[in-house]
>>> print(open('upload14.tsv').read())   # TSV, C-alpha atoms
chain	number	residue	atom	x	y	z
M	518	MET	CA	-8.94	19.77	-3.12
M	519	ALA	CA	-5.61	19.90	-1.43
M	520	ASN	CA	-5.07	17.51	1.39
M	521	ALA	CA	-1.73	17.10	3.03
M	522	LEU	CA	-0.58	14.51	5.53
M	523	VAL	CA	2.40	15.35	7.70
M	524	ASN	CA	4.13	13.05	10.14
M	525	VAL	CA	6.45	14.61	12.69
M	526	PRO	CA	7.20	13.01	16.07
M	527	PRO	CA	5.27	15.09	18.66
M	528	ARG	CA	8.21	15.08	21.08
M	529	ALA	CA	11.92	14.55	20.81
M	530	ARG	CA	15.11	14.91	22.82
M	531	ARG	CA	17.33	17.91	22.14
M	532	GLY	CA	19.84	17.05	19.44
M	533	GLU	CA	17.91	14.03	18.28
M	534	VAL	CA	17.72	13.41	14.55
M	535	ILE	CA	14.05	13.15	13.61
M	536	GLU	CA	12.36	11.95	10.44
M	537	ILE	CA	9.69	14.08	8.82
M	538	LYS	CA	7.32	12.59	6.28
M	539	THR	CA	4.92	14.53	4.08
M	540	LEU	CA	2.35	13.46	1.56
M	541	ILE	CA	0.21	15.77	-0.52
M	542	SER	CA	-2.62	15.26	-2.94
M	543	HIS	CA	-1.72	16.62	-6.37
M	544	PRO	CA	-2.18	15.34	-9.95
M	545	MET	CA	1.35	16.38	-11.08
M	546	GLU	CA	0.26	16.73	-14.69
M	547	THR	CA	3.49	16.73	-16.69
M	548	GLY	CA	2.51	19.04	-19.55
M	549	TYR	CA	3.79	16.47	-22.04
M	550	ARG	CA	0.55	14.57	-22.44
M	551	ARG	CA	-2.20	15.17	-24.94
M	552	SER	CA	-5.91	14.61	-24.60
M	553	GLN	CA	-7.74	12.08	-26.76
M	554	LEU	CA	-8.53	14.93	-29.15
M	555	GLY	CA	-4.87	15.84	-29.50
M	556	ALA	CA	-4.92	19.03	-27.46
M	557	ALA	CA	-1.95	19.54	-25.19
M	558	ILE	CA	-2.80	19.17	-21.51
M	559	PRO	CA	-1.15	22.12	-19.75
M	560	ARG	CA	1.43	21.47	-17.09
M	561	ASP	CA	0.14	21.50	-13.54
M	562	ILE	CA	2.78	20.51	-11.03
M	563	ILE	CA	4.04	21.50	-7.60
M	564	ARG	CA	7.19	23.56	-8.17
M	565	ARG	CA	8.62	23.92	-4.72
M	566	PHE	CA	8.42	22.53	-1.24
M	567	VAL	CA	9.86	24.38	1.74
M	568	CYS	CA	10.05	23.27	5.36
M	569	THR	CA	10.86	25.79	8.06
M	570	TYR	CA	11.61	25.09	11.70
M	571	ASN	CA	10.73	28.10	13.87
M	572	GLY	CA	11.21	30.27	10.80
M	573	THR	CA	14.54	28.77	9.75
M	574	GLU	CA	14.55	26.88	6.50
M	575	VAL	CA	15.67	23.30	7.11
M	576	PHE	CA	14.67	21.60	3.88
M	577	ARG	CA	13.73	22.65	0.39
M	578	ALA	CA	12.95	20.71	-2.76
M	579	ASP	CA	12.30	21.69	-6.35
M	580	PHE	CA	9.83	19.47	-8.17
M	581	HIS	CA	9.90	18.56	-11.83
M	582	PRO	CA	7.42	16.97	-14.25
M	583	ALA	CA	8.82	13.46	-13.76
M	584	ILE	CA	7.63	13.30	-10.15
M	585	ALA	CA	4.59	11.07	-9.61
M	586	ALA	CA	1.17	12.23	-8.53
M	587	ASN	CA	0.60	12.70	-4.80
M	588	PRO	CA	4.29	13.25	-4.02
M	589	PHE	CA	5.67	11.78	-0.82
M	590	LEU	CA	8.77	13.27	0.81
M	591	SER	CA	10.81	11.94	3.69
M	592	PHE	CA	13.71	13.87	5.18
M	593	TRP	CA	15.58	14.35	8.43
M	594	THR	CA	16.40	17.26	10.68
M	595	VAL	CA	17.81	17.86	14.14
M	596	ALA	CA	15.38	18.64	16.95
M	597	VAL	CA	16.89	21.83	18.35
M	598	GLU	CA	14.06	23.45	20.28
M	599	SER	CA	10.34	23.32	20.92
M	600	GLY	CA	8.26	25.15	18.36
M	601	THR	CA	6.55	24.98	15.04
M	602	ILE	CA	7.57	23.15	11.91
M	603	ALA	CA	5.85	24.65	8.90
M	604	PHE	CA	5.49	23.25	5.40
M	605	GLN	CA	4.64	24.98	2.19
M	606	TRP	CA	4.00	23.55	-1.24
M	607	THR	CA	3.70	25.99	-4.15
M	608	GLY	CA	3.18	25.32	-7.82
M	609	ASP	CA	1.45	26.00	-11.11
M	610	ASN	CA	-1.97	27.66	-11.26
M	611	SER	CA	-1.13	29.52	-8.04
M	612	PHE	CA	-1.23	26.28	-6.09
M	613	SER	CA	-0.29	26.93	-2.50
M	614	VAL	CA	-0.82	24.77	0.57
M	615	THR	CA	0.57	25.35	4.02
M	616	GLU	CA	0.57	23.02	6.96
M	617	SER	CA	2.22	23.27	10.35
M	618	VAL	CA	2.77	21.07	13.37
M	619	THR	CA	4.20	21.70	16.81
M	620	ILE	CA	7.02	19.73	18.33
M	621	SER	CA	8.11	19.75	21.94
M	622	VAL	CA	11.79	19.20	22.59
M	623	ASP	CA	13.17	18.44	26.04
C	1445	MET	CA	12.73	-26.49	-28.67
C	1446	ARG	CA	10.75	-23.30	-28.15
C	1447	ALA	CA	7.71	-24.79	-29.92
C	1448	LEU	CA	8.00	-27.86	-27.75
C	1449	GLY	CA	8.13	-25.63	-24.64
C	1450	ALA	CA	5.05	-23.72	-25.79
C	1451	ALA	CA	3.21	-26.97	-26.44
C	1452	ALA	CA	4.17	-28.25	-23.01
C	1453	ALA	CA	2.98	-25.00	-21.45
C	1454	ALA	CA	-0.31	-25.26	-23.32
C	1455	ILE	CA	-0.81	-28.79	-22.02
C	1456	LEU	CA	0.09	-27.63	-18.52
C	1457	ILE	CA	-2.52	-24.87	-18.68
C	1458	ALA	CA	-5.12	-27.27	-20.05
C	1459	ALA	CA	-4.39	-29.77	-17.30
C	1460	ALA	CA	-4.43	-27.15	-14.57
C	1461	ALA	CA	-7.66	-25.57	-15.78
C	1462	PHE	CA	-9.55	-27.82	-13.42
C	1463	ALA	CA	-7.32	-27.31	-10.38
C	1464	GLY	CA	-10.25	-25.62	-8.65
C	1465	GLU	CA	-10.63	-23.56	-5.54
C	1466	ILE	CA	-7.90	-22.44	-3.18
C	1467	ALA	CA	-8.02	-24.13	0.22
C	1468	PRO	CA	-8.79	-21.67	3.07
C	1469	SER	CA	-5.36	-22.24	4.63
C	1470	ASP	CA	-3.63	-21.36	1.34
C	1471	ARG	CA	-5.43	-18.08	0.87
C	1472	ARG	CA	-3.18	-15.05	0.72
C	1473	SER	CA	-3.94	-11.38	0.42
C	1474	GLY	CA	-2.50	-9.40	-2.48
C	1475	TYR	CA	-0.33	-7.74	0.17
C	1476	ASP	CA	1.77	-10.91	0.41
C	1477	PHE	CA	2.70	-10.72	-3.25
C	1478	MET	CA	3.98	-7.14	-3.06
C	1479	SER	CA	7.53	-5.85	-2.91
C	1480	ARG	CA	8.97	-4.80	0.43
C	1481	GLU	CA	8.82	-1.13	-0.60
C	1482	THR	CA	5.14	-1.24	-1.52
C	1483	ARG	CA	4.31	-3.03	1.71
C	1484	ALA	CA	6.13	-0.34	3.68
C	1485	MET	CA	4.02	2.24	1.86
C	1486	GLN	CA	0.81	0.55	2.93
C	1487	ASP	CA	1.95	-0.06	6.49
C	1488	ASP	CA	2.64	3.60	7.19
C	1489	ASP	CA	-0.58	5.62	7.23
C	1490	THR	CA	1.31	8.82	6.47
C	1491	ALA	CA	3.01	7.27	3.43
C	1492	ASN	CA	-0.12	5.56	2.13
C	1493	PRO	CA	-1.71	7.97	-0.38
C	1494	GLY	CA	-5.05	6.23	0.18
C	1495	PHE	CA	-5.27	8.23	3.38
C	1496	LEU	CA	-5.57	11.45	1.40
C	1497	TRP	CA	-8.93	10.10	0.25
C	1498	VAL	CA	-9.80	8.94	3.76
C	1499	LEU	CA	-9.03	12.45	4.99
C	1500	GLU	CA	-11.31	13.98	2.40
C	1501	GLY	CA	-13.99	11.37	3.11
C	1502	GLY	CA	-13.94	12.41	6.75
C	1503	THR	CA	-14.68	15.99	5.68
C	1504	LEU	CA	-17.51	14.88	3.39
C	1505	TRP	CA	-18.95	12.71	6.16
C	1506	SER	CA	-19.88	15.75	8.22
C	1507	MET	CA	-20.72	18.11	5.33
C	1508	ARG	CA	-24.43	18.89	4.89
C	1509	SER	CA	-25.68	18.23	1.40
C	1510	GLY	CA	-28.83	17.92	-0.72
C	1511	ALA	CA	-32.38	19.18	-0.28
C	1512	ALA	CA	-32.68	17.46	3.09
C	1513	GLY	CA	-29.74	19.49	4.37
C	1514	LYS	CA	-28.31	16.49	6.16
C	1515	ALA	CA	-24.79	15.19	6.54
C	1516	CYS	CA	-23.92	11.50	6.84
C	1517	ALA	CA	-22.96	12.25	10.43
C	1518	ASP	CA	-26.44	13.60	11.26
C	1519	CYS	CA	-27.92	10.10	10.96
C	1520	HIS	CA	-24.93	7.81	11.40
C	1521	GLY	CA	-23.01	9.77	14.01
C	1522	ASP	CA	-19.38	8.88	14.54
C	1523	ALA	CA	-18.26	6.73	11.61
C	1524	ARG	CA	-15.61	5.07	13.74
C	1525	VAL	CA	-18.45	3.41	15.63
C	1526	SER	CA	-21.36	3.24	13.19
C	1527	MET	CA	-19.38	2.24	10.10
C	1528	LYS	CA	-17.25	-0.38	11.81
C	1529	GLY	CA	-17.44	-3.59	9.79
C	1530	VAL	CA	-19.82	-2.16	7.20
C	1531	ALA	CA	-17.41	-2.46	4.28
C	1532	ALA	CA	-16.61	-6.02	5.35
C	1533	ARG	CA	-20.30	-6.92	4.88
C	1534	HIS	CA	-20.75	-5.46	1.39
C	1535	PRO	CA	-22.02	-6.20	-1.22
C	1536	ALA	CA	-25.09	-6.80	0.95
C	1537	PHE	CA	-28.64	-7.79	0.08
C	1538	ASP	CA	-30.96	-4.82	-0.32
C	1539	ALA	CA	-34.58	-5.78	0.19
C	1540	ALA	CA	-35.95	-2.77	-1.70
C	1541	ARG	CA	-34.02	-3.72	-4.81
C	1542	GLY	CA	-34.26	-7.46	-4.38
C	1543	ARG	CA	-30.56	-7.94	-5.03
C	1544	PRO	CA	-27.17	-7.26	-3.49
C	1545	ILE	CA	-25.66	-3.79	-3.80
C	1546	ASN	CA	-22.07	-2.79	-3.20
C	1547	LEU	CA	-20.72	-0.14	-0.86
C	1548	GLU	CA	-20.61	2.57	-3.52
C	1549	GLN	CA	-24.21	1.89	-4.46
C	1550	ARG	CA	-25.20	1.93	-0.78
C	1551	ILE	CA	-23.60	5.35	-0.34
C	1552	ASN	CA	-25.45	6.67	-3.38
C	1553	VAL	CA	-28.77	5.20	-2.19
C	1554	CYS	CA	-28.34	7.09	1.06
C	1555	ARG	CA	-27.37	10.18	-0.85
C	1556	VAL	CA	-30.37	10.15	-3.16
C	1557	GLU	CA	-33.04	8.89	-0.75
C	1558	ARG	CA	-31.99	10.39	2.56
C	1559	GLN	CA	-29.99	13.46	1.64
C	1560	GLN	CA	-32.08	14.08	-1.48
C	1561	ALA	CA	-28.96	15.03	-3.40
C	1562	THR	CA	-27.70	13.91	-6.79
C	1563	ALA	CA	-25.81	10.64	-6.80
C	1564	PHE	CA	-22.02	10.78	-7.02
C	1565	GLY	CA	-20.61	9.59	-10.34
C	1566	TRP	CA	-18.82	6.26	-10.54
C	1567	GLU	CA	-15.14	6.67	-9.61
C	1568	SER	CA	-15.74	10.33	-8.75
C	1569	ARG	CA	-13.39	11.74	-6.19
C	1570	GLU	CA	-16.23	12.22	-3.69
C	1571	LEU	CA	-17.53	8.65	-3.97
C	1572	LEU	CA	-14.03	7.20	-3.65
C	1573	ALA	CA	-13.28	9.45	-0.69
C	1574	LEU	CA	-16.45	8.48	1.17
C	1575	SER	CA	-16.10	4.77	0.41
C	1576	ALA	CA	-12.43	4.86	1.44
C	1577	TYR	CA	-13.42	6.59	4.67
C	1578	VAL	CA	-16.13	4.02	5.38
C	1579	ALA	CA	-13.91	1.07	4.38
C	1580	ARG	CA	-11.13	2.34	6.60
C	1581	GLN	CA	-13.41	1.74	9.62
C	1582	SER	CA	-13.32	-1.99	8.82
C	1583	ARG	CA	-9.55	-2.25	8.84
C	1584	GLY	CA	-8.37	-5.41	10.58
C	1585	LEU	CA	-11.86	-6.92	10.71
C	1586	PRO	CA	-12.69	-10.20	8.96
C	1587	ILE	CA	-14.74	-10.14	5.78
C	1588	GLU	CA	-18.20	-11.50	6.52
C	1589	VAL	CA	-20.61	-11.10	3.63
C	1590	ALA	CA	-23.82	-13.02	4.14
C	1591	GLY	CA	-23.99	-16.35	2.35
C	1592	ASP	CA	-27.66	-17.06	3.01
C	1593	GLN	CA	-30.77	-17.99	1.07
C	1594	ARG	CA	-31.22	-14.50	-0.29
C	1595	THR	CA	-27.67	-14.01	-1.53
C	1596	GLU	CA	-26.89	-17.55	-2.67
C	1597	PRO	CA	-28.30	-17.18	-6.22
C	1598	PHE	CA	-26.19	-14.05	-6.68
C	1599	ILE	CA	-23.05	-15.70	-5.33
C	1600	ALA	CA	-23.69	-18.54	-7.77
C	1601	ALA	CA	-24.08	-16.03	-10.61
C	1602	GLY	CA	-20.81	-14.37	-9.59
C	1603	ARG	CA	-19.09	-17.73	-9.50
C	1604	ALA	CA	-20.41	-18.50	-12.99
C	1605	THR	CA	-18.87	-15.27	-14.28
C	1606	TRP	CA	-15.63	-16.14	-12.49
C	1607	ASP	CA	-15.48	-19.60	-14.11
C	1608	ARG	CA	-16.65	-18.54	-17.56
C	1609	ARG	CA	-14.05	-18.18	-20.28
C	1610	GLN	CA	-14.46	-14.85	-22.02
C	1611	GLY	CA	-12.79	-12.34	-24.29
C	1612	GLN	CA	-10.49	-12.79	-27.24
C	1613	LEU	CA	-7.97	-14.53	-25.01
C	1614	ASN	CA	-10.72	-16.93	-23.96
C	1615	LEU	CA	-9.66	-16.87	-20.33
C	1616	ALA	CA	-11.69	-17.30	-17.16
C	1617	CYS	CA	-10.76	-15.37	-14.00
C	1618	ALA	CA	-10.28	-18.73	-12.27
C	1619	GLN	CA	-7.60	-19.84	-14.72
C	1620	CYS	CA	-5.20	-17.18	-13.52
C	1621	HIS	CA	-6.30	-16.53	-9.95
C	1622	ASP	CA	-7.28	-20.03	-8.78
C	1623	ASP	CA	-4.93	-22.16	-10.86
C	1624	HIS	CA	-1.81	-20.06	-11.42
C	1625	TRP	CA	-1.54	-17.68	-8.50
C	1626	GLY	CA	2.00	-17.03	-7.34
C	1627	GLN	CA	3.34	-17.43	-10.87
C	1628	GLN	CA	4.40	-14.60	-13.10
C	1629	LEU	CA	2.43	-12.81	-15.77
C	1630	ALA	CA	4.56	-10.36	-17.73
C	1631	GLY	CA	6.89	-9.93	-14.78
C	1632	ASN	CA	4.13	-9.42	-12.21
C	1633	ALA	CA	3.05	-11.93	-9.61
C	1634	ILE	CA	-0.45	-13.29	-10.16
C	1635	PRO	CA	-2.36	-12.76	-6.91
C	1636	GLN	CA	-5.33	-14.77	-5.70
C	1637	ALA	CA	-7.73	-11.88	-6.27
C	1638	HIS	CA	-9.05	-11.42	-2.75
C	1639	PRO	CA	-10.62	-7.95	-2.52
C	1640	THR	CA	-9.48	-7.20	1.03
C	1641	GLY	CA	-8.36	-3.63	0.57
C	1642	TYR	CA	-10.83	-1.81	-1.68
C	1643	PRO	CA	-11.10	0.99	-2.46
C	1644	LEU	CA	-7.32	1.01	-2.76
C	1645	TYR	CA	-4.50	3.16	-4.06
C	1646	ARG	CA	-2.99	1.58	-7.13
C	1647	LEU	CA	0.44	2.85	-8.13
C	1648	GLU	CA	-0.39	2.22	-11.77
C	1649	TRP	CA	-3.45	4.47	-11.49
C	1650	GLN	CA	-1.74	7.06	-9.26
C	1651	SER	CA	-5.12	7.21	-7.62
C	1652	VAL	CA	-7.60	5.38	-5.47
C	1653	GLY	CA	-9.99	3.16	-7.39
C	1654	SER	CA	-12.86	0.82	-6.66
C	1655	LEU	CA	-13.03	-2.94	-7.02
C	1656	GLU	CA	-15.23	-2.49	-10.08
C	1657	ARG	CA	-12.53	-0.41	-11.74
C	1658	ARG	CA	-10.08	-3.21	-11.06
C	1659	LEU	CA	-12.42	-5.88	-12.40
C	1660	ARG	CA	-13.01	-3.87	-15.56
C	1661	ASN	CA	-9.22	-3.59	-15.94
C	1662	CYS	CA	-8.89	-7.36	-15.81
C	1663	LEU	CA	-11.67	-7.73	-18.39
C	1664	VAL	CA	-9.81	-5.39	-20.72
C	1665	GLY	CA	-6.70	-7.48	-20.04
C	1666	ILE	CA	-8.35	-10.60	-21.39
C	1667	ARG	CA	-9.81	-8.51	-24.20
C	1668	ALA	CA	-13.37	-9.06	-23.12
C	1669	GLU	CA	-16.09	-6.46	-23.26
C	1670	SER	CA	-16.31	-4.74	-19.87
C	1671	TYR	CA	-19.53	-4.53	-17.93
C	1672	GLU	CA	-20.78	-1.06	-17.08
C	1673	PHE	CA	-20.11	0.27	-13.59
C	1674	GLY	CA	-22.85	-1.00	-11.30
C	1675	ALA	CA	-23.89	-3.75	-13.72
C	1676	PRO	CA	-25.50	-6.72	-11.93
C	1677	GLU	CA	-22.79	-9.03	-13.32
C	1678	LEU	CA	-20.05	-6.93	-11.72
C	1679	VAL	CA	-21.81	-6.66	-8.36
C	1680	ASP	CA	-22.44	-10.42	-8.34
C	1681	LEU	CA	-18.78	-11.01	-9.12
C	1682	GLU	CA	-17.82	-8.65	-6.28
C	1683	LEU	CA	-20.15	-10.53	-3.96
C	1684	PHE	CA	-18.65	-13.87	-5.00
C	1685	LEU	CA	-15.11	-12.55	-4.47
C	1686	MET	CA	-15.93	-11.20	-1.02
C	1687	TRP	CA	-17.65	-14.46	-0.12
C	1688	ARG	CA	-14.60	-16.34	-1.40
C	1689	ALA	CA	-12.40	-14.16	0.84
C	1690	ARG	CA	-14.66	-14.52	3.90
C	1691	GLY	CA	-12.69	-14.53	7.12
C	1692	MET	CA	-9.71	-12.71	5.62
C	1693	LEU	CA	-8.84	-9.39	7.24
C	1694	MET	CA	-9.70	-6.07	5.61
C	1695	ASP	CA	-6.74	-3.76	4.94
C	1696	ALA	CA	-8.50	-0.86	3.22
C	1697	PRO	CA	-7.33	1.53	1.95
C	1698	ALA	CA	-4.59	-0.77	0.68
C	1699	VAL	CA	-1.74	0.03	-1.70
C	1700	ARG	CA	-1.21	-2.22	-4.69
C	1701	PRO	CA	1.21	-2.02	-7.61
>>> encode(input="upload14.tsv", output="structure tokens")
Amino acid sequence: MANALVNVPPRARRGEVIEIKTLISHPMETGYRRSQLGAAIPRDIIRRFVCTYNGTEVFRADFHPAIAANPFLSFWTVAVESGTIAFQWTGDNSFSVTESVTISVD
Amino acid sequence: MRALGAAAAAILIAAAAFAGEIAPSDRRSGYDFMSRETRAMQDDDTANPGFLWVLEGGTLWSMRSGAAGKACADCHGDARVSMKGVAARHPAFDAARGRPINLEQRINVCRVERQQATAFGWESRELLALSAYVARQSRGLPIEVAGDQRTEPFIAAGRATWDRRQGQLNLACAQCHDDHWGQQLAGNAIPQAHPTGYPLYRLEWQSVGSLERRLRNCLVGIRAESYEFGAPELVDLELFLMWRARGMLMDAPAVRP
């Protein structure tokens, strides 16, 4: 199950600074915990988040074990042109989720 | 001096043990006791992780399942219309069982009897997702569980559990949540325990959980033996709490610390 929620303003003025918010469902298992029987629980985290705006990377984040489950990110970019803003989360156990939204800039 | 303070506190607790119910005008949702940051998280649907479950619940709603090959949507149609206010009325009296059942139990009844599928496990991701999706349709609506002839004995039973001292700490729910709400317990504000936002995303859990999970947590906190999920005592207590919060607005899926 990998659900992602993305909030991008559907329209913006050219040059406007817009806020982008993303939320994704992920357990972010640290790899430091042990089960009740003492067996190590293997790490299962998102390693990287990349946001591209019409193919150009505008934001990237590396994730580490200390980040909580269901990580929420908020960041800003400049609305330069109409097009697609794409998001990709990749991580352990070949976790990969992509999401994209369109924005119209006038 | 410290012993004197402890003695004074003990007397204060003993004296306040009979403070009784909260007046309707003084009732406050757990939301009001939260930090500004946590409130902001709940207020923004794209920052509220509870909506991940709502999203999944929406998918499950229209997914065919069981021997009957039916989806929830095949009978109930658009949940935004058919499920409006449903969570605000649960636990509700079920004639076939002769007692009130909560929203999770109602979903599983439908699943077993209508869809002819296996019931979802307690606190399973699917059950939480569906109940969050259904509860979300009651957002902003007042809680209105029935307080009639059929439910009254069960409300009374729930109230008895609420007022009964239990566990190694020998505490009743009412002693904290009726008599000492707004004060601090180990650095956290004591809320009034109105279940307006269940199932909700609890930061401590890093997950959505049901009201029963929360109640069992509290029972562990007072070092009492927890009731099983779906136990009549827990459902009665849920019913009493919803009845006690009648008229308050639903804010499911809420975020709580």
>>> closest_residue(input="upload14.tsv", among="M:Tyr570, M:Gly608, M:Arg528, M:Val622", to="M:His543", atoms="only C-alpha atoms")
M:Gly608
>>> residues_around(input="upload14.tsv", residues="stretch 1502-1519 of chain C", least_positions_apart="4", cutoff="7 Å", atoms="only C-alpha atoms", output="ChimeraX atom specification")
/C:1498,1559-1561,1574,1577
>>> residues_around(input="upload14.tsv", residues="stretch 1531-1543 of chain C", least_positions_apart="4", cutoff="10 Å", atoms="all atoms listed in the file", output="PyMOL selection string")
chain C and resi 1527+1547-1550+1575-1592+1594-1595+1597-1598+1640-1643+1676+1679-1687+1690-1694+1696
>>> atom_distance(input="upload14.tsv", atom1="atom CA of M:Ile563", atom2="atom CA of M:Thr539")
13.6 Å
>>> residues_around(input="upload14.tsv", residues="M:Thr594", least_positions_apart="6", cutoff="9 Å", atoms="all atoms listed in the file", output="count of residues only")
7
>>> interface_residues(input="upload14.tsv", of="chain M", to="chain C", cutoff="9 Å", atoms="only C-alpha atoms", output="MDAnalysis selection string")
chainID M and resid 518:524 538:542 544 585:590
>>> atom_distance(input="upload14.tsv", atom1="atom CA of C:Asp1622", atom2="atom CA of C:Gln1636")
6.4 Å
>>> atom_distance(input="upload14.tsv", atom1="atom CA of M:Arg531", atom2="atom CA of M:Thr573")
16.7 Å
>>> closest_residue(input="upload14.tsv", among="M:Glu546, M:Gln553, M:Val595, M:Thr569", to="M:Asp609", atoms="only C-alpha atoms")
M:Glu546
>>> residues_around(input="upload14.tsv", residues="C:Asn1552", least_positions_apart="5", cutoff="9 Å", atoms="all atoms listed in the file", output="number ranges by chain")
C: 1547, 1557, 1562-1565, 1571
>>> closest_residue(input="upload14.tsv", among="C:Arg1700, C:Arg1660, C:Arg1646, C:Arg1524", to="C:Phe1477", atoms="all atoms listed in the file")
C:Arg1700
>>> closest_residue(input="upload14.tsv", among="C:Glu1567, C:Asp1623, C:Leu1615, C:Gln1593", to="C:Arg1658", atoms="only C-alpha atoms")
C:Glu1567
>>> closest_residue(input="upload14.tsv", among="M:Ile562, M:Ala556, M:Ile620, M:Val525", to="M:Ala583", atoms="all atoms listed in the file")
M:Ile562
>>> residues_around(input="upload14.tsv", residues="M:Glu574", least_positions_apart="3", cutoff="12 Å", atoms="all atoms listed in the file", output="NGL selection string")
:M and (566-571 or 577-578 or 594 or 601-605)
>>> write_last_selection(input="upload14.tsv", atoms="C-alpha atoms", output="compact mmCIF listing (two decimals), keeping the file's coordinate frame")
# COMPACT_ATOMS: atom_id res chain seq x y z
CA PHE M 566 8.42 22.53 -1.24
CA VAL M 567 9.86 24.38 1.74
CA CYS M 568 10.05 23.27 5.36
CA THR M 569 10.86 25.79 8.06
CA TYR M 570 11.61 25.09 11.70
CA ASN M 571 10.73 28.10 13.87
CA ARG M 577 13.73 22.65 0.39
CA ALA M 578 12.95 20.71 -2.76
CA THR M 594 16.40 17.26 10.68
CA THR M 601 6.55 24.98 15.04
CA ILE M 602 7.57 23.15 11.91
CA ALA M 603 5.85 24.65 8.90
CA PHE M 604 5.49 23.25 5.40
CA GLN M 605 4.64 24.98 2.19
>>> axis_aligned_box(input="upload14.tsv", around="stretch 565-573 of chain M", padding_each_side="5 Å", output="JSON")
{"center_x": 11.5, "center_y": 26.4, "center_z": 4.6, "size_x": 16.1, "size_y": 17.7, "size_z": 28.6}
>>> closest_residue(input="upload14.tsv", among="C:Trp1566, C:Leu1572, C:Arg1558, C:Gly1631", to="C:Glu1672", atoms="only C-alpha atoms")
C:Trp1566
>>> build_atoms(input="upload14.tsv", residues="stretch 1604-1619 of chain C", atoms="N, CA and C atoms", output="PDB file, in the coordinates of the input")
ATOM      1  N   ALA C1604     -20.295 -18.118 -11.576  1.00  0.00           N
ATOM      2  CA  ALA C1604     -20.410 -18.500 -12.990  1.00  0.00           C
ATOM      3  C   ALA C1604     -19.601 -17.541 -13.865  1.00  0.00           C
ATOM      4  N   THR C1605     -19.663 -16.243 -13.527  1.00  0.00           N
ATOM      5  CA  THR C1605     -18.870 -15.270 -14.280  1.00  0.00           C
ATOM      6  C   THR C1605     -17.380 -15.539 -14.082  1.00  0.00           C
ATOM      7  N   TRP C1606     -17.014 -15.857 -12.855  1.00  0.00           N
ATOM      8  CA  TRP C1606     -15.630 -16.140 -12.490  1.00  0.00           C
ATOM      9  C   TRP C1606     -15.078 -17.338 -13.274  1.00  0.00           C
ATOM     10  N   ASP C1607     -15.929 -18.358 -13.460  1.00  0.00           N
ATOM     11  CA  ASP C1607     -15.480 -19.600 -14.110  1.00  0.00           C
ATOM     12  C   ASP C1607     -15.634 -19.567 -15.622  1.00  0.00           C
ATOM     13  N   ARG C1608     -16.349 -18.544 -16.127  1.00  0.00           N
ATOM     14  CA  ARG C1608     -16.650 -18.540 -17.560  1.00  0.00           C
ATOM     15  C   ARG C1608     -15.484 -17.965 -18.362  1.00  0.00           C
ATOM     16  N   ARG C1609     -15.070 -18.700 -19.367  1.00  0.00           N
ATOM     17  CA  ARG C1609     -14.050 -18.180 -20.280  1.00  0.00           C
ATOM     18  C   ARG C1609     -14.662 -17.040 -21.077  1.00  0.00           C
ATOM     19  N   GLN C1610     -13.930 -15.946 -21.225  1.00  0.00           N
ATOM     20  CA  GLN C1610     -14.460 -14.850 -22.020  1.00  0.00           C
ATOM     21  C   GLN C1610     -13.350 -14.046 -22.676  1.00  0.00           C
ATOM     22  N   GLY C1611     -13.741 -13.208 -23.617  1.00  0.00           N
ATOM     23  CA  GLY C1611     -12.790 -12.340 -24.290  1.00  0.00           C
ATOM     24  C   GLY C1611     -12.035 -13.035 -25.396  1.00  0.00           C
ATOM     25  N   GLN C1612     -11.265 -12.226 -26.131  1.00  0.00           N
ATOM     26  CA  GLN C1612     -10.490 -12.790 -27.240  1.00  0.00           C
ATOM     27  C   GLN C1612      -9.444 -13.775 -26.761  1.00  0.00           C
ATOM     28  N   LEU C1613      -8.955 -13.586 -25.530  1.00  0.00           N
ATOM     29  CA  LEU C1613      -7.970 -14.530 -25.010  1.00  0.00           C
ATOM     30  C   LEU C1613      -8.634 -15.793 -24.460  1.00  0.00           C
ATOM     31  N   ASN C1614      -9.958 -15.773 -24.398  1.00  0.00           N
ATOM     32  CA  ASN C1614     -10.720 -16.930 -23.960  1.00  0.00           C
ATOM     33  C   ASN C1614     -10.262 -17.449 -22.597  1.00  0.00           C
ATOM     34  N   LEU C1615     -10.139 -16.513 -21.670  1.00  0.00           N
ATOM     35  CA  LEU C1615      -9.660 -16.870 -20.330  1.00  0.00           C
ATOM     36  C   LEU C1615     -10.761 -16.643 -19.299  1.00  0.00           C
ATOM     37  N   ALA C1616     -10.804 -17.512 -18.306  1.00  0.00           N
ATOM     38  CA  ALA C1616     -11.690 -17.300 -17.160  1.00  0.00           C
ATOM     39  C   ALA C1616     -10.847 -16.716 -16.027  1.00  0.00           C
ATOM     40  N   CYS C1617     -11.477 -15.942 -15.154  1.00  0.00           N
ATOM     41  CA  CYS C1617     -10.760 -15.370 -14.000  1.00  0.00           C
ATOM     42  C   CYS C1617     -10.047 -16.490 -13.245  1.00  0.00           C
ATOM     43  N   ALA C1618     -10.788 -17.627 -13.081  1.00  0.00           N
ATOM     44  CA  ALA C1618     -10.280 -18.730 -12.270  1.00  0.00           C
ATOM     45  C   ALA C1618      -8.985 -19.309 -12.831  1.00  0.00           C
ATOM     46  N   GLN C1619      -8.804 -19.232 -14.141  1.00  0.00           N
ATOM     47  CA  GLN C1619      -7.600 -19.840 -14.720  1.00  0.00           C
ATOM     48  C   GLN C1619      -6.328 -19.173 -14.240  1.00  0.00           C
TER      49      GLN C1619
END
